[in-house]
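One file, upload_23.pdb, carrying PDB, N, CA and C atoms and all ligand atoms:
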```pdb
ATOM      1  N   MET A  30     -14.733 -26.897  -2.560
ATOM      2  CA  MET A  30     -13.816 -25.768  -2.367
ATOM      3  C   MET A  30     -12.366 -26.241  -2.461
ATOM      4  N   HIS A  31     -11.613 -25.538  -3.257
ATOM      5  CA  HIS A  31     -10.207 -25.812  -3.526
ATOM      6  C   HIS A  31      -9.377 -25.871  -2.231
ATOM      7  N   GLU A  32      -9.557 -24.891  -1.374
ATOM      8  CA  GLU A  32      -8.773 -24.830  -0.138
ATOM      9  C   GLU A  32      -9.055 -26.016   0.773
ATOM     10  N   PHE A  33     -10.300 -26.520   0.720
ATOM     11  CA  PHE A  33     -10.651 -27.637   1.578
ATOM     12  C   PHE A  33      -9.835 -28.876   1.204
ATOM     13  N   SER A  34      -9.665 -29.111  -0.090
ATOM     14  CA  SER A  34      -8.885 -30.286  -0.497
ATOM     15  C   SER A  34      -7.405 -30.095  -0.180
ATOM     16  N   ILE A  35      -6.951 -28.836  -0.189
ATOM     17  CA  ILE A  35      -5.569 -28.567   0.206
ATOM     18  C   ILE A  35      -5.365 -28.949   1.671
ATOM     19  N   VAL A  36      -6.294 -28.486   2.521
ATOM     20  CA  VAL A  36      -6.180 -28.790   3.949
ATOM     21  C   VAL A  36      -6.297 -30.289   4.185
ATOM     22  N   MET A  37      -7.191 -30.950   3.435
ATOM     23  CA  MET A  37      -7.340 -32.391   3.603
ATOM     24  C   MET A  37      -6.034 -33.123   3.300
ATOM     25  N   SER A  38      -5.319 -32.682   2.287
ATOM     26  CA  SER A  38      -4.075 -33.374   1.959
ATOM     27  C   SER A  38      -2.994 -33.061   3.006
ATOM     28  N   ILE A  39      -3.056 -31.859   3.606
ATOM     29  CA  ILE A  39      -2.127 -31.537   4.688
ATOM     30  C   ILE A  39      -2.423 -32.437   5.888
ATOM     31  N   VAL A  40      -3.714 -32.598   6.189
ATOM     32  CA  VAL A  40      -4.127 -33.454   7.307
ATOM     33  C   VAL A  40      -3.639 -34.891   7.070
ATOM     34  N   GLU A  41      -3.819 -35.367   5.850
ATOM     35  CA  GLU A  41      -3.400 -36.721   5.493
ATOM     36  C   GLU A  41      -1.897 -36.912   5.728
ATOM     37  N   THR A  42      -1.117 -35.963   5.235
ATOM     38  CA  THR A  42       0.333 -36.034   5.404
ATOM     39  C   THR A  42       0.699 -36.009   6.883
ATOM     40  N   ALA A  43       0.042 -35.137   7.640
ATOM     41  CA  ALA A  43       0.326 -35.028   9.070
ATOM     42  C   ALA A  43      -0.005 -36.330   9.795
ATOM     43  N   GLU A  44      -1.136 -36.947   9.437
ATOM     44  CA  GLU A  44      -1.535 -38.208  10.057
ATOM     45  C   GLU A  44      -0.484 -39.292   9.793
ATOM     46  N   GLU A  45      -0.001 -39.323   8.546
ATOM     47  CA  GLU A  45       1.020 -40.304   8.176
ATOM     48  C   GLU A  45       2.303 -40.108   8.976
ATOM     49  N   LYS A  46       2.731 -38.847   9.070
ATOM     50  CA  LYS A  46       3.978 -38.549   9.799
ATOM     51  C   LYS A  46       3.865 -38.916  11.270
ATOM     52  N   VAL A  47       2.721 -38.581  11.867
ATOM     53  CA  VAL A  47       2.511 -38.872  13.282
ATOM     54  C   VAL A  47       2.590 -40.390  13.512
ATOM     55  N   LYS A  48       2.003 -41.142  12.593
ATOM     56  CA  LYS A  48       2.036 -42.597  12.686
ATOM     57  C   LYS A  48       3.473 -43.091  12.535
ATOM     58  N   GLU A  49       4.148 -42.551  11.518
ATOM     59  CA  GLU A  49       5.527 -42.939  11.212
ATOM     60  C   GLU A  49       6.449 -42.735  12.413
ATOM     61  N   TYR A  50       6.279 -41.609  13.119
ATOM     62  CA  TYR A  50       7.155 -41.306  14.247
ATOM     63  C   TYR A  50       6.555 -41.743  15.587
ATOM     64  N   GLN A  51       5.461 -42.463  15.521
ATOM     65  CA  GLN A  51       4.765 -42.947  16.712
ATOM     66  C   GLN A  51       4.504 -41.836  17.728
ATOM     67  N   ALA A  52       4.102 -40.697  17.217
ATOM     68  CA  ALA A  52       3.729 -39.576  18.076
ATOM     69  C   ALA A  52       2.215 -39.632  18.300
ATOM     70  N   HIS A  53       1.681 -38.628  18.985
ATOM     71  CA  HIS A  53       0.243 -38.628  19.275
ATOM     72  C   HIS A  53      -0.504 -37.528  18.552
ATOM     73  N   SER A  54       0.126 -36.370  18.521
ATOM     74  CA  SER A  54      -0.532 -35.270  17.833
ATOM     75  C   SER A  54       0.518 -34.260  17.385
ATOM     76  N   VAL A  55       0.043 -33.267  16.674
ATOM     77  CA  VAL A  55       0.946 -32.230  16.175
ATOM     78  C   VAL A  55       0.783 -30.983  17.043
ATOM     79  N   GLU A  56       1.909 -30.495  17.536
ATOM     80  CA  GLU A  56       1.866 -29.319  18.398
ATOM     81  C   GLU A  56       1.872 -28.042  17.559
ATOM     82  N   SER A  57       2.745 -28.033  16.542
ATOM     83  CA  SER A  57       2.720 -26.885  15.639
ATOM     84  C   SER A  57       3.161 -27.316  14.251
ATOM     85  N   ILE A  58       2.684 -26.578  13.273
ATOM     86  CA  ILE A  58       2.976 -26.924  11.889
ATOM     87  C   ILE A  58       3.298 -25.642  11.114
ATOM     88  N   ASP A  59       4.352 -25.691  10.334
ATOM     89  CA  ASP A  59       4.735 -24.552   9.504
ATOM     90  C   ASP A  59       4.407 -24.870   8.047
ATOM     91  N   LEU A  60       3.646 -24.005   7.436
ATOM     92  CA  LEU A  60       3.293 -24.195   6.035
ATOM     93  C   LEU A  60       3.945 -23.114   5.184
ATOM     94  N   VAL A  61       4.459 -23.532   4.044
ATOM     95  CA  VAL A  61       5.042 -22.579   3.110
ATOM     96  C   VAL A  61       4.041 -22.393   1.971
ATOM     97  N   ILE A  62       3.599 -21.158   1.783
ATOM     98  CA  ILE A  62       2.632 -20.891   0.725
ATOM     99  C   ILE A  62       3.130 -19.754  -0.158
ATOM    100  N   GLY A  63       3.322 -20.066  -1.420
ATOM    101  CA  GLY A  63       3.783 -19.062  -2.367
ATOM    102  C   GLY A  63       2.650 -18.130  -2.776
ATOM    103  N   ASP A  64       3.006 -16.906  -3.114
ATOM    104  CA  ASP A  64       1.997 -15.930  -3.520
ATOM    105  C   ASP A  64       1.275 -16.323  -4.805
ATOM    106  N   LEU A  65       1.874 -17.217  -5.582
ATOM    107  CA  LEU A  65       1.231 -17.658  -6.821
ATOM    108  C   LEU A  65       0.596 -19.043  -6.686
ATOM    109  N   ALA A  66       0.526 -19.531  -5.447
ATOM    110  CA  ALA A  66      -0.007 -20.876  -5.251
ATOM    111  C   ALA A  66      -1.517 -20.919  -5.433
ATOM    112  N   GLY A  67      -2.131 -19.759  -5.508
ATOM    113  CA  GLY A  67      -3.572 -19.710  -5.719
ATOM    114  C   GLY A  67      -4.373 -20.061  -4.484
ATOM    115  N   VAL A  68      -3.785 -19.787  -3.321
ATOM    116  CA  VAL A  68      -4.481 -20.094  -2.077
ATOM    117  C   VAL A  68      -5.047 -18.815  -1.467
ATOM    118  N   ASP A  69      -6.325 -18.846  -1.182
ATOM    119  CA  ASP A  69      -6.965 -17.721  -0.507
ATOM    120  C   ASP A  69      -6.875 -17.990   0.992
ATOM    121  N   CYS A  70      -6.168 -17.124   1.697
ATOM    122  CA  CYS A  70      -5.889 -17.391   3.104
ATOM    123  C   CYS A  70      -7.142 -17.410   3.982
ATOM    124  N   HIS A  71      -8.141 -16.615   3.634
ATOM    125  CA  HIS A  71      -9.374 -16.627   4.426
ATOM    126  C   HIS A  71     -10.118 -17.942   4.211
ATOM    127  N   ALA A  72     -10.142 -18.370   2.966
ATOM    128  CA  ALA A  72     -10.786 -19.644   2.648
ATOM    129  C   ALA A  72     -10.020 -20.790   3.312
ATOM    130  N   LEU A  73      -8.700 -20.636   3.383
ATOM    131  CA  LEU A  73      -7.877 -21.664   4.017
ATOM    132  C   LEU A  73      -8.190 -21.746   5.511
ATOM    133  N   ASP A  74      -8.290 -20.591   6.158
ATOM    134  CA  ASP A  74      -8.665 -20.531   7.577
ATOM    135  C   ASP A  74      -9.976 -21.252   7.825
ATOM    136  N   PHE A  75     -10.925 -20.918   6.980
ATOM    137  CA  PHE A  75     -12.269 -21.457   7.095
ATOM    138  C   PHE A  75     -12.250 -22.976   6.930
ATOM    139  N   ALA A  76     -11.537 -23.442   5.902
ATOM    140  CA  ALA A  76     -11.444 -24.875   5.631
ATOM    141  C   ALA A  76     -10.707 -25.582   6.768
ATOM    142  N   TRP A  77      -9.671 -24.921   7.286
ATOM    143  CA  TRP A  77      -8.841 -25.494   8.333
ATOM    144  C   TRP A  77      -9.693 -25.864   9.544
ATOM    145  N   GLU A  78     -10.525 -24.893   9.971
ATOM    146  CA  GLU A  78     -11.398 -25.070  11.137
ATOM    147  C   GLU A  78     -12.141 -26.404  11.118
ATOM    148  N   SER A  79     -12.776 -26.693   9.990
ATOM    149  CA  SER A  79     -13.588 -27.900   9.943
ATOM    150  C   SER A  79     -12.779 -29.133   9.582
ATOM    151  N   ALA A  80     -11.725 -28.966   8.786
ATOM    152  CA  ALA A  80     -10.974 -30.135   8.321
ATOM    153  C   ALA A  80     -10.106 -30.780   9.405
ATOM    154  N   VAL A  81      -9.660 -29.995  10.379
ATOM    155  CA  VAL A  81      -8.742 -30.569  11.370
ATOM    156  C   VAL A  81      -9.459 -31.190  12.568
ATOM    157  N   LYS A  82     -10.766 -31.044  12.612
ATOM    158  CA  LYS A  82     -11.522 -31.614  13.738
ATOM    159  C   LYS A  82     -11.277 -33.109  13.860
ATOM    160  N   ASN A  83     -10.995 -33.554  15.088
ATOM    161  CA  ASN A  83     -10.749 -34.969  15.361
ATOM    162  C   ASN A  83      -9.591 -35.567  14.571
ATOM    163  N   THR A  84      -8.621 -34.739  14.234
ATOM    164  CA  THR A  84      -7.419 -35.253  13.587
ATOM    165  C   THR A  84      -6.223 -34.873  14.464
ATOM    166  N   VAL A  85      -5.043 -35.314  14.050
ATOM    167  CA  VAL A  85      -3.831 -35.005  14.814
ATOM    168  C   VAL A  85      -3.512 -33.504  14.785
ATOM    169  N   LEU A  86      -4.180 -32.789  13.895
ATOM    170  CA  LEU A  86      -3.921 -31.348  13.773
ATOM    171  C   LEU A  86      -4.910 -30.490  14.549
ATOM    172  N   GLN A  87      -5.809 -31.146  15.244
ATOM    173  CA  GLN A  87      -6.880 -30.404  15.911
ATOM    174  C   GLN A  87      -6.390 -29.230  16.765
ATOM    175  N   THR A  88      -5.352 -29.464  17.561
ATOM    176  CA  THR A  88      -4.886 -28.385  18.444
ATOM    177  C   THR A  88      -3.567 -27.783  17.978
ATOM    178  N   ALA A  89      -3.168 -28.127  16.770
ATOM    179  CA  ALA A  89      -1.876 -27.640  16.280
ATOM    180  C   ALA A  89      -1.882 -26.133  16.033
ATOM    181  N   LYS A  90      -0.771 -25.521  16.408
ATOM    182  CA  LYS A  90      -0.589 -24.107  16.126
ATOM    183  C   LYS A  90      -0.085 -24.024  14.684
ATOM    184  N   ARG A  91      -0.700 -23.195  13.896
ATOM    185  CA  ARG A  91      -0.346 -23.138  12.489
ATOM    186  C   ARG A  91       0.396 -21.848  12.149
ATOM    187  N   ASN A  92       1.530 -21.984  11.519
ATOM    188  CA  ASN A  92       2.273 -20.812  11.049
ATOM    189  C   ASN A  92       2.339 -20.855   9.542
ATOM    190  N   ILE A  93       2.022 -19.749   8.932
ATOM    191  CA  ILE A  93       2.110 -19.699   7.471
ATOM    192  C   ILE A  93       3.269 -18.798   7.060
ATOM    193  N   ILE A  94       4.144 -19.349   6.254
ATOM    194  CA  ILE A  94       5.277 -18.586   5.742
ATOM    195  C   ILE A  94       4.974 -18.256   4.288
ATOM    196  N   HIS A  95       4.795 -16.976   4.023
ATOM    197  CA  HIS A  95       4.492 -16.561   2.658
ATOM    198  C   HIS A  95       5.775 -16.412   1.849
ATOM    199  N   VAL A  96       5.738 -16.939   0.634
ATOM    200  CA  VAL A  96       6.891 -16.815  -0.242
ATOM    201  C   VAL A  96       6.523 -15.882  -1.387
ATOM    202  N   PRO A  97       7.238 -14.758  -1.523
ATOM    203  CA  PRO A  97       6.937 -13.847  -2.629
ATOM    204  C   PRO A  97       7.292 -14.518  -3.953
ATOM    205  N   ALA A  98       6.592 -14.141  -5.003
ATOM    206  CA  ALA A  98       6.850 -14.753  -6.296
ATOM    207  C   ALA A  98       8.029 -14.067  -6.982
ATOM    208  N   ARG A  99       8.936 -14.875  -7.501
ATOM    209  CA  ARG A  99      10.066 -14.347  -8.263
ATOM    210  C   ARG A  99      10.143 -15.055  -9.598
ATOM    211  N   ALA A 100      10.519 -14.301 -10.597
ATOM    212  CA  ALA A 100      10.641 -14.884 -11.923
ATOM    213  C   ALA A 100      11.948 -14.440 -12.559
ATOM    214  N   LYS A 101      12.325 -15.206 -13.579
ATOM    215  CA  LYS A 101      13.530 -14.869 -14.322
ATOM    216  C   LYS A 101      13.118 -14.686 -15.768
ATOM    217  N   CYS A 102      13.618 -13.618 -16.376
ATOM    218  CA  CYS A 102      13.300 -13.353 -17.774
ATOM    219  C   CYS A 102      14.144 -14.271 -18.656
ATOM    220  N   LEU A 103      13.490 -14.967 -19.591
ATOM    221  CA  LEU A 103      14.220 -15.891 -20.453
ATOM    222  C   LEU A 103      14.930 -15.153 -21.586
ATOM    223  N   GLU A 104      14.624 -13.873 -21.712
ATOM    224  CA  GLU A 104      15.196 -13.080 -22.785
ATOM    225  C   GLU A 104      16.487 -12.391 -22.324
ATOM    226  N   CYS A 105      16.434 -11.735 -21.145
ATOM    227  CA  CYS A 105      17.613 -10.986 -20.705
ATOM    228  C   CYS A 105      18.217 -11.508 -19.398
ATOM    229  N   ASP A 106      17.643 -12.598 -18.864
ATOM    230  CA  ASP A 106      18.206 -13.242 -17.678
ATOM    231  C   ASP A 106      18.082 -12.479 -16.355
ATOM    232  N   CYS A 107      17.347 -11.373 -16.320
ATOM    233  CA  CYS A 107      17.238 -10.678 -15.041
ATOM    234  C   CYS A 107      16.181 -11.353 -14.164
ATOM    235  N   GLU A 108      16.348 -11.220 -12.857
ATOM    236  CA  GLU A 108      15.429 -11.811 -11.895
ATOM    237  C   GLU A 108      14.707 -10.719 -11.141
ATOM    238  N   PHE A 109      13.438 -10.907 -10.890
ATOM    239  CA  PHE A 109      12.653  -9.866 -10.226
ATOM    240  C   PHE A 109      11.432 -10.470  -9.561
ATOM    241  N   GLU A 110      10.794  -9.672  -8.705
ATOM    242  CA  GLU A 110       9.591 -10.102  -8.024
ATOM    243  C   GLU A 110       8.396  -9.846  -8.926
ATOM    244  N   ILE A 111       7.459 -10.763  -8.967
ATOM    245  CA  ILE A 111       6.258 -10.523  -9.762
ATOM    246  C   ILE A 111       5.016 -10.635  -8.896
ATOM    247  N   LYS A 112       3.953 -10.032  -9.354
ATOM    248  CA  LYS A 112       2.687 -10.063  -8.625
ATOM    249  C   LYS A 112       1.717 -11.038  -9.278
ATOM    250  N   GLU A 113       1.797 -11.134 -10.579
ATOM    251  CA  GLU A 113       0.881 -11.980 -11.335
ATOM    252  C   GLU A 113       1.672 -12.942 -12.205
ATOM    253  N   LEU A 114       1.007 -14.043 -12.537
ATOM    254  CA  LEU A 114       1.633 -15.068 -13.346
ATOM    255  C   LEU A 114       2.041 -14.555 -14.729
ATOM    256  N   PHE A 115       1.298 -13.571 -15.241
ATOM    257  CA  PHE A 115       1.569 -13.126 -16.607
ATOM    258  C   PHE A 115       2.193 -11.740 -16.683
ATOM    259  N   ASP A 116       2.923 -11.365 -15.628
ATOM    260  CA  ASP A 116       3.660 -10.110 -15.662
ATOM    261  C   ASP A 116       4.731 -10.178 -16.748
ATOM    262  N   VAL A 117       5.168  -9.015 -17.204
ATOM    263  CA  VAL A 117       6.253  -8.993 -18.191
ATOM    264  C   VAL A 117       7.543  -8.525 -17.512
ATOM    265  N   CYS A 118       8.643  -8.773 -18.156
ATOM    266  CA  CYS A 118       9.943  -8.375 -17.627
ATOM    267  C   CYS A 118      10.017  -6.845 -17.514
ATOM    268  N   PRO A 119      10.433  -6.327 -16.333
ATOM    269  CA  PRO A 119      10.491  -4.873 -16.159
ATOM    270  C   PRO A 119      11.634  -4.230 -16.947
ATOM    271  N   LEU A 120      12.589  -5.020 -17.362
ATOM    272  CA  LEU A 120      13.723  -4.475 -18.114
ATOM    273  C   LEU A 120      13.474  -4.426 -19.612
ATOM    274  N   CYS A 121      13.083  -5.578 -20.169
ATOM    275  CA  CYS A 121      12.947  -5.631 -21.622
ATOM    276  C   CYS A 121      11.501  -5.795 -22.094
ATOM    277  N   GLY A 122      10.574  -6.011 -21.144
ATOM    278  CA  GLY A 122       9.166  -6.083 -21.527
ATOM    279  C   GLY A 122       8.720  -7.405 -22.129
ATOM    280  N   GLU A 123       9.608  -8.397 -22.132
ATOM    281  CA  GLU A 123       9.250  -9.705 -22.687
ATOM    282  C   GLU A 123       8.356 -10.478 -21.710
ATOM    283  N   PRO A 124       7.395 -11.208 -22.231
ATOM    284  CA  PRO A 124       6.527 -11.995 -21.345
ATOM    285  C   PRO A 124       7.042 -13.422 -21.095
ATOM    286  N   LEU A 125       8.243 -13.726 -21.555
ATOM    287  CA  LEU A 125       8.766 -15.084 -21.406
ATOM    288  C   LEU A 125       9.476 -15.245 -20.071
ATOM    289  N   LEU A 126       8.693 -15.582 -19.056
ATOM    290  CA  LEU A 126       9.261 -15.664 -17.723
ATOM    291  C   LEU A 126       9.291 -17.089 -17.210
ATOM    292  N   GLN A 127      10.336 -17.383 -16.494
ATOM    293  CA  GLN A 127      10.403 -18.659 -15.810
ATOM    294  C   GLN A 127      10.149 -18.370 -14.330
ATOM    295  N   ILE A 128       9.143 -19.035 -13.765
ATOM    296  CA  ILE A 128       8.828 -18.798 -12.353
ATOM    297  C   ILE A 128       9.878 -19.494 -11.490
ATOM    298  N   MET A 129      10.585 -18.724 -10.674
ATOM    299  CA  MET A 129      11.634 -19.283  -9.821
ATOM    300  C   MET A 129      11.065 -19.752  -8.479
ATOM    301  N   GLN A 130      10.195 -18.935  -7.926
ATOM    302  CA  GLN A 130       9.557 -19.314  -6.674
ATOM    303  C   GLN A 130       8.228 -18.594  -6.546
ATOM    304  N   GLY A 131       7.376 -19.119  -5.650
ATOM    305  CA  GLY A 131       6.082 -18.478  -5.440
ATOM    306  C   GLY A 131       4.915 -19.422  -5.670
ATOM    307  N   LYS A 132       5.211 -20.642  -6.187
ATOM    308  CA  LYS A 132       4.138 -21.602  -6.402
ATOM    309  C   LYS A 132       4.151 -22.690  -5.329
ATOM    310  N   GLU A 133       4.982 -22.488  -4.312
ATOM    311  CA  GLU A 133       5.112 -23.486  -3.256
ATOM    312  C   GLU A 133       3.818 -23.657  -2.461
ATOM    313  N   LEU A 134       3.578 -24.870  -2.079
ATOM    314  CA  LEU A 134       2.474 -25.150  -1.168
ATOM    315  C   LEU A 134       2.852 -26.442  -0.469
ATOM    316  N   GLN A 135       3.481 -26.313   0.674
ATOM    317  CA  GLN A 135       3.965 -27.513   1.326
ATOM    318  C   GLN A 135       4.118 -27.346   2.833
ATOM    319  N   ILE A 136       4.286 -28.470   3.494
ATOM    320  CA  ILE A 136       4.558 -28.451   4.925
ATOM    321  C   ILE A 136       6.058 -28.271   5.080
ATOM    322  N   LYS A 137       6.466 -27.226   5.778
ATOM    323  CA  LYS A 137       7.896 -26.993   5.966
ATOM    324  C   LYS A 137       8.397 -27.835   7.136
ATOM    325  N   SER A 138       7.676 -27.778   8.235
ATOM    326  CA  SER A 138       8.074 -28.593   9.385
ATOM    327  C   SER A 138       6.909 -28.764  10.334
ATOM    328  N   MET A 139       7.048 -29.767  11.202
ATOM    329  CA  MET A 139       6.011 -30.028  12.196
ATOM    330  C   MET A 139       6.682 -30.396  13.502
ATOM    331  N   ILE A 140       6.080 -29.949  14.590
ATOM    332  CA  ILE A 140       6.542 -30.428  15.896
ATOM    333  C   ILE A 140       5.456 -31.379  16.408
ATOM    334  N   MET A 141       5.874 -32.618  16.678
ATOM    335  CA  MET A 141       4.909 -33.612  17.121
ATOM    336  C   MET A 141       5.132 -33.946  18.585
ATOM    337  N   THR A 142       4.048 -34.340  19.204
ATOM    338  CA  THR A 142       4.194 -34.748  20.612
ATOM    339  C   THR A 142       3.685 -36.171  20.778
TER     340      THR A 142
HETATM  341 ZN    ZN B 201      13.954  -9.240 -19.733
END
```

Write-out of the structure in structure tokens:
Amino acid sequence: MHEFSIVMSIVETAEEKVKEYQAHSVESIDLVIGDLAGVDCHALDFAWESAVKNTVLQTAKRNIIHVPARAKCLECDCEFEIKELFDVCPLCGEPLLQIMQGKELQIKSMIMT
């Protein structure tokens, strides 16, 4: 499962940070997930449950910050929100879009104890 490997890499990063700062565990973690990141939140929840067992994230409070997808039209330079990767420009109808945001998948911050 795709989401499981995502959570595993989050766990790995968290373990490294905790070691680096000589902390013991993570109290809370903020994740930034773009709407185009291809993450299914229910699958992520499910994967999270089993992946964080016996790790520094076991009791961490998790906050997910959703980032709406925005694109810029390469034809007319307008910027707008998109729902799908292959949406067309609402102004000129061109499909040549540059994704500005929405593909993020990262740890924004962590509080360690
Ligand atoms: Zn356009």

Name every residue that the PyMOL selection byres (((not hetatm)) within 5 of (chain B and resi 201)) selects in this structure, writing the answer as a PDB file with N, CA and C atoms, in the coordinates of the input with chains first and numbers rising.
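Wrote it out as part.pdb, contents follow:
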```
ATOM      1  N   CYS A 102      13.618 -13.618 -16.376  1.00  0.00           N
ATOM      2  CA  CYS A 102      13.300 -13.353 -17.774  1.00  0.00           C
ATOM      3  C   CYS A 102      14.144 -14.271 -18.656  1.00  0.00           C
ATOM      4  N   GLU A 104      14.624 -13.873 -21.712  1.00  0.00           N
ATOM      5  CA  GLU A 104      15.196 -13.080 -22.785  1.00  0.00           C
ATOM      6  C   GLU A 104      16.487 -12.391 -22.324  1.00  0.00           C
ATOM      7  N   CYS A 105      16.434 -11.735 -21.145  1.00  0.00           N
ATOM      8  CA  CYS A 105      17.613 -10.986 -20.705  1.00  0.00           C
ATOM      9  C   CYS A 105      18.217 -11.508 -19.398  1.00  0.00           C
ATOM     10  N   CYS A 118       8.643  -8.773 -18.156  1.00  0.00           N
ATOM     11  CA  CYS A 118       9.943  -8.375 -17.627  1.00  0.00           C
ATOM     12  C   CYS A 118      10.017  -6.845 -17.514  1.00  0.00           C
ATOM     13  N   LEU A 120      12.589  -5.020 -17.362  1.00  0.00           N
ATOM     14  CA  LEU A 120      13.723  -4.475 -18.114  1.00  0.00           C
ATOM     15  C   LEU A 120      13.474  -4.426 -19.612  1.00  0.00           C
ATOM     16  N   CYS A 121      13.083  -5.578 -20.169  1.00  0.00           N
ATOM     17  CA  CYS A 121      12.947  -5.631 -21.622  1.00  0.00           C
ATOM     18  C   CYS A 121      11.501  -5.795 -22.094  1.00  0.00           C
ATOM     19  N   GLY A 122      10.574  -6.011 -21.144  1.00  0.00           N
ATOM     20  CA  GLY A 122       9.166  -6.083 -21.527  1.00  0.00           C
ATOM     21  C   GLY A 122       8.720  -7.405 -22.129  1.00  0.00           C
TER      22      GLY A 122
END
```

Can you list, as a count of residues only, every residue of region 31-120 of chain A that DSSP puts in alpha helix (DSSP H)? 30

A:Met129, A:Ile39, A:Leu86, A:Leu65: which is nearest Asp106 (chain A), counting only C-alpha atoms?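 Selected residue with least distance to Asp106 (chain A): A:Met129.
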
Show me, as a list in words, the residues that have an atom within 8 Å of region 32-35 of chain A when counting only N, CA and C atoms, minus same-chain residues fewer than 3 positions from it. Ser38, Ile39, Val40, Glu41, Gly67, Val68, Asp69, Ala72, Leu73, Asp74, Phe75, Ala76, Trp77 and Ala80 of chain A

Selection: 7 Å around Gln87 (chain A), all atoms listed in the file, excl. self and same-chain fewer than 5 positions, as a VMD selection string: chain A and resid 55 81 to 82

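What separates atom C of Asp116 (chain A) from atom C of His31 (chain A) is a distance of 25.6 Å.
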
Among chain A, which residues does DSSP mark as strand (DSSP E) when it is run on the backbone? Keep the chain and numbering as in the structure and answer as JSON, numbers by chain. {"A": [55, 56, 57, 58, 59, 60, 61, 62, 63, 90, 91, 92, 93, 94, 95, 96, 99, 100, 101, 102, 108, 109, 110, 126, 127, 128, 129, 130, 134, 135, 136, 137, 138, 139, 140, 141]}

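Among the candidates A:Ile136, A:Ile111, A:Ile58, A:Met141, the residue lying nearest to Lys90 (chain A) is A:Ile58 (atoms considered: all atoms listed in the file).
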
Applying the PyMOL selection byres (((chain A and resi 53) around 6) and not hetatm) to the file I just gave you, which residues come out? Please list them as a ChimeraX atom specification. /A:47,51-52,54-55,85,141-142

Out of A:Asp64, A:Glu78, A:Asp59, A:Glu123, which residue has the shortest atom-to-atom distance to Arg91 (chain A) when counting only C-alpha atoms?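 Comparing A:Asp64, A:Glu78, A:Asp59, A:Glu123 against Arg91 (chain A), the winner is A:Asp59.
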
For Pro97 (chain A), the nearest of the candidates A:Ser79, A:Phe115, A:Ala66, A:Gln127, counting only C-alpha atoms: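 Comparing A:Ser79, A:Phe115, A:Ala66, A:Gln127 against Pro97 (chain A), the winner is A:Ala66.
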
Could you state the separation of atom C of Gln130 (chain A) and CA of Leu103 (chain A) in Å, given to one decimal place? 15.4 Å

Can you list, as number ranges by chain, the residues that the PyMOL selection byres (((chain A and resi 93) around 6) and not hetatm) selects here? A: 59-62, 91-92, 94-95

What separation in Å, quoted to one decimal, exists between CA of Lys137 (chain A) and atom N of Val117 (chain A)?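 Interatomic distance, CA of Lys137 (chain A) to atom N of Val117 (chain A): 29.5 Å.
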
Find the smallest box with edges along x, y and z containing every listed atom of region 124-138 of chain A, then add 4 Å on each side and report centre and edge lengths in Å to one decimal, as lines of an AutoDock Vina configuration file.
```
center_x = 7.1
center_y = -20.0
center_z = -5.9
size_x = 17.2
size_y = 25.6
size_z = 40.6
```

Which residue, A:Cys70, A:Ala100, A:Ile140, A:Cys107, has the smallest gap to Leu126 (chain A) when you use all atoms listed in the file?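 The answer is A:Ala100, which sits nearest to Leu126 (chain A).
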
A:His71, A:Val36, A:Glu45, A:Ile128 ranked by distance to Arg99 (chain A), top pick (using all atoms listed in the file):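 Residue with the minimum atom-to-atom distance to Arg99 (chain A): A:Ile128.
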